[in-house]
Amino acid sequence: MSDSKHIYNIAHRGARSLAPENTMPAFVKAWRTGAHGIETDISVTLDGKLILFHDDTFFRTTNISEIFPKRKKDPIHTFTWEEVQTLDAGSWFLEDDPFETIKRGEVPLEEQQAMTNTSVPLLEELLLFVKEKSLFIDIEIKCLPKAIANFPIVEKVILLLDRVELPSSMFSISSFNHGYLKTVERLRPDIKVNAIIGGYPFLTNDWGKFEFAVYTANAKLIDSKQIKKALQCGCQVNLYIVNDTKDMARFLDEGVGNIITDFPQLLSQLGYCARWG
């Protein structure tokens with residue numbers, strides 16, 4: 001991947017409209033649909049493993065109710081990596097069809113069959129994949145619960161990135177916890193950080209004093225004035241989650257950097273060429 005090539009099509013938790021989110025099938029599908037990069041979420045197990053998972057519990061997107069019925073809504077950090085490996089993180093997608101893509105015939109039968117018994121991946125597995133495929137990766141560090149607030153998650157992520165020797169041009173670190181980002185900037189100023197804004201329970205994109213070079217804002221709360229102001233302040237503006245093709249085109253025309261979407265296949269079909277910086 002050329003350092004000068006501007007990316008914009010970022011698959012949210014992988015191509016999660018076509019495969020179970022934050023699993024290798026979703027990341028592989030994102031690559032195959034032409035996404036420039038992928039976004040994923042980092043959580044921590046009881047024994048300190050960095051895994052890819054969005055929610056605070058395994059309840060919504062695994063079969064934990066069958067495997068650990070008495071612990072089905074326990075926090076992720078109370079499970080060991082060995083226990084996490086026993087979970088099926090794919091079958092729920094077949095049962096729920098959350099984006100009705102299976103109903104519309106957009107998910108081939110052989111891909112559906114491969115989703116059964118899909119495992120929760122380690123961050124390391126995904127980093128090796130994106131390195132091989134020259135994909136960009138946006139790593140969102142989730143806010144740790146109070147019980148493990150002292151876990152050095154930023155340092156652990158950076159150590160892992162260094163161990164797999166992923167070039168800094170191929171990744172960024174994002175978080176709603178801007179303290180994490182300041183730690184990244186202190187430890188490794190060469191790493192690009194993205195300040196995520198507009199999350200629950202706030203009903204506004206709080207840009208603060210525009211102290212970060214890159215902001216990832218809530219597209220539902222954005223308007224042209226915000227985009228223009230941030231750009232005038234020298235900031236890159238990324239948006240989440242943009243699933244309508246008209247919105248995708250409009251935002252790109254207004255100068256937005258990266259579009260984080262559940263439908264990278266639609267953004268790929270818009271006909272926008274990757275822009276060169």
# chains A, B, ... in the order shown; residues from 1 in each chain; ligands from 1
>>> select_by_dssp(residues="segment 165-229 of chain A", states="alpha helix (DSSP H)", output="list in words")
His178, Gly179, Tyr180, Leu181, Lys182, Thr183, Val184, Glu185, Arg186, Leu187, Ser224, Lys225, Gln226, Ile227, Lys228 and Lys229 of chain A
>>> write_last_selection(atoms="C-alpha atoms", output="PDB file, in the first residue's frame")
ATOM      1  CA  HIS A 178      -9.009  10.441  24.395  1.00  0.00           C
ATOM      2  CA  GLY A 179      -6.681   9.753  27.310  1.00  0.00           C
ATOM      3  CA  TYR A 180      -5.655   6.539  25.557  1.00  0.00           C
ATOM      4  CA  LEU A 181      -4.846   8.554  22.446  1.00  0.00           C
ATOM      5  CA  LYS A 182      -2.688  11.004  24.363  1.00  0.00           C
ATOM      6  CA  THR A 183      -0.779   8.033  25.766  1.00  0.00           C
ATOM      7  CA  VAL A 184      -0.195   6.796  22.218  1.00  0.00           C
ATOM      8  CA  GLU A 185       1.026  10.235  21.160  1.00  0.00           C
ATOM      9  CA  ARG A 186       3.404  10.355  24.128  1.00  0.00           C
ATOM     10  CA  LEU A 187       4.818   6.884  23.575  1.00  0.00           C
ATOM     11  CA  SER A 224     -21.673  20.633   6.462  1.00  0.00           C
ATOM     12  CA  LYS A 225     -20.747  23.461   8.846  1.00  0.00           C
ATOM     13  CA  GLN A 226     -19.031  21.047  11.246  1.00  0.00           C
ATOM     14  CA  ILE A 227     -17.088  19.422   8.443  1.00  0.00           C
ATOM     15  CA  LYS A 228     -16.008  22.785   7.022  1.00  0.00           C
ATOM     16  CA  LYS A 229     -14.951  24.116  10.440  1.00  0.00           C
TER      17      LYS A 229
END
>>> residues_around(residues="segment 149-166 of chain A", least_positions_apart="5", cutoff="10 Å", atoms="only C-alpha atoms", output="list in words")
Ile42, Ser43, Val44, Gly48, Lys49, Leu50, Leu123, Glu124, Glu125, Leu127, Leu128, Val130, Lys131, Glu132, Ser134, Ile139, Ile141, Lys142, Cys143, Leu144, Phe171, Ile173, Tyr180, Leu181, Thr183, Val184, Leu187, Arg188 and Ile191 of chain A
>>> closest_residue(among="A:Val84, A:Ile76, A:Met24, A:Leu18", to="Thr101 of chain A", atoms="only C-alpha atoms")
A:Leu18
>>> residues_around(residues="Glu21 of chain A", least_positions_apart="4", cutoff="10 Å", atoms="only C-alpha atoms", output="list in words")
His12, Arg13, Gly14, Ala15, Arg16, Ser17, Pro25, Ala26, Phe27, Thr40, Leu52, Phe53, His54, Thr61, Ala89, Gly90, Phe93, Val120 and Asp262 of chain A
>>> write_last_selection(atoms="N, CA and C atoms", output="short mmCIF file (atom, residue, chain, number, x, y, z; two decimals), in the first residue's frame")
data_model
loop_
_atom_site.label_atom_id
_atom_site.label_comp_id
_atom_site.auth_asym_id
_atom_site.auth_seq_id
_atom_site.Cartn_x
_atom_site.Cartn_y
_atom_site.Cartn_z
N HIS A 12 -16.71 -1.47 8.64
CA HIS A 12 -17.02 -1.41 10.08
C HIS A 12 -17.12 -2.80 10.68
N ARG A 13 -16.19 -3.12 11.56
CA ARG A 13 -16.11 -4.46 12.18
C ARG A 13 -15.98 -5.54 11.09
N GLY A 14 -15.32 -5.18 10.00
CA GLY A 14 -15.30 -6.03 8.82
C GLY A 14 -16.55 -5.74 8.00
N ALA A 15 -16.77 -6.52 6.96
CA ALA A 15 -17.99 -6.34 6.16
C ALA A 15 -19.15 -6.99 6.91
N ARG A 16 -19.60 -6.35 7.96
CA ARG A 16 -20.52 -7.02 8.89
C ARG A 16 -21.94 -7.14 8.36
N SER A 17 -22.22 -6.54 7.21
CA SER A 17 -23.52 -6.78 6.58
C SER A 17 -23.52 -8.09 5.81
N PRO A 25 -14.09 -14.19 8.83
CA PRO A 25 -14.90 -14.14 7.60
C PRO A 25 -15.33 -12.73 7.22
N ALA A 26 -15.62 -11.89 8.20
CA ALA A 26 -16.02 -10.51 7.91
C ALA A 26 -14.85 -9.69 7.38
N PHE A 27 -13.67 -9.93 7.91
CA PHE A 27 -12.49 -9.19 7.45
C PHE A 27 -12.07 -9.65 6.06
N THR A 40 -11.94 -2.30 13.65
CA THR A 40 -12.24 -3.36 14.60
C THR A 40 -12.11 -2.85 16.02
N LEU A 52 -10.80 -9.50 19.45
CA LEU A 52 -11.61 -8.60 18.65
C LEU A 52 -13.08 -8.80 19.00
N PHE A 53 -13.63 -7.81 19.70
CA PHE A 53 -15.03 -7.91 20.13
C PHE A 53 -15.53 -6.53 20.48
N HIS A 54 -16.77 -6.25 20.13
CA HIS A 54 -17.32 -4.91 20.34
C HIS A 54 -18.04 -4.76 21.68
N THR A 61 -23.59 -11.81 20.28
CA THR A 61 -23.03 -12.36 19.04
C THR A 61 -22.26 -13.67 19.21
N ALA A 89 -18.93 -17.67 17.31
CA ALA A 89 -19.24 -16.26 17.07
C ALA A 89 -19.83 -16.02 15.68
N GLY A 90 -20.27 -17.11 15.02
CA GLY A 90 -20.77 -16.96 13.67
C GLY A 90 -22.22 -17.36 13.44
N PHE A 93 -25.31 -14.95 13.25
CA PHE A 93 -25.52 -14.15 12.04
C PHE A 93 -26.49 -14.86 11.10
N VAL A 120 -13.88 -16.31 17.91
CA VAL A 120 -13.48 -14.94 18.23
C VAL A 120 -11.98 -14.84 17.98
N ASP A 262 -20.98 -0.26 7.18
CA ASP A 262 -21.33 -1.68 7.26
C ASP A 262 -21.43 -2.30 5.87
#
>>> residues_around(residues="segment 71-73 of chain A", least_positions_apart="5", cutoff="6 Å", atoms="only C-alpha atoms", output="list in words")
Thr57, Phe59, Ile64 and Ser65 of chain A
>>> select_by_dssp(residues="segment 69-222 of chain A", states="strand (DSSP E or B)", output="ChimeraX atom specification")
/A:75,122,136-141,171-175,192-196,214-218
>>> closest_residue(among="A:Glu140, A:Arg32, A:Leu221, A:Asn243", to="Val193 of chain A", atoms="only C-alpha atoms")
A:Glu140
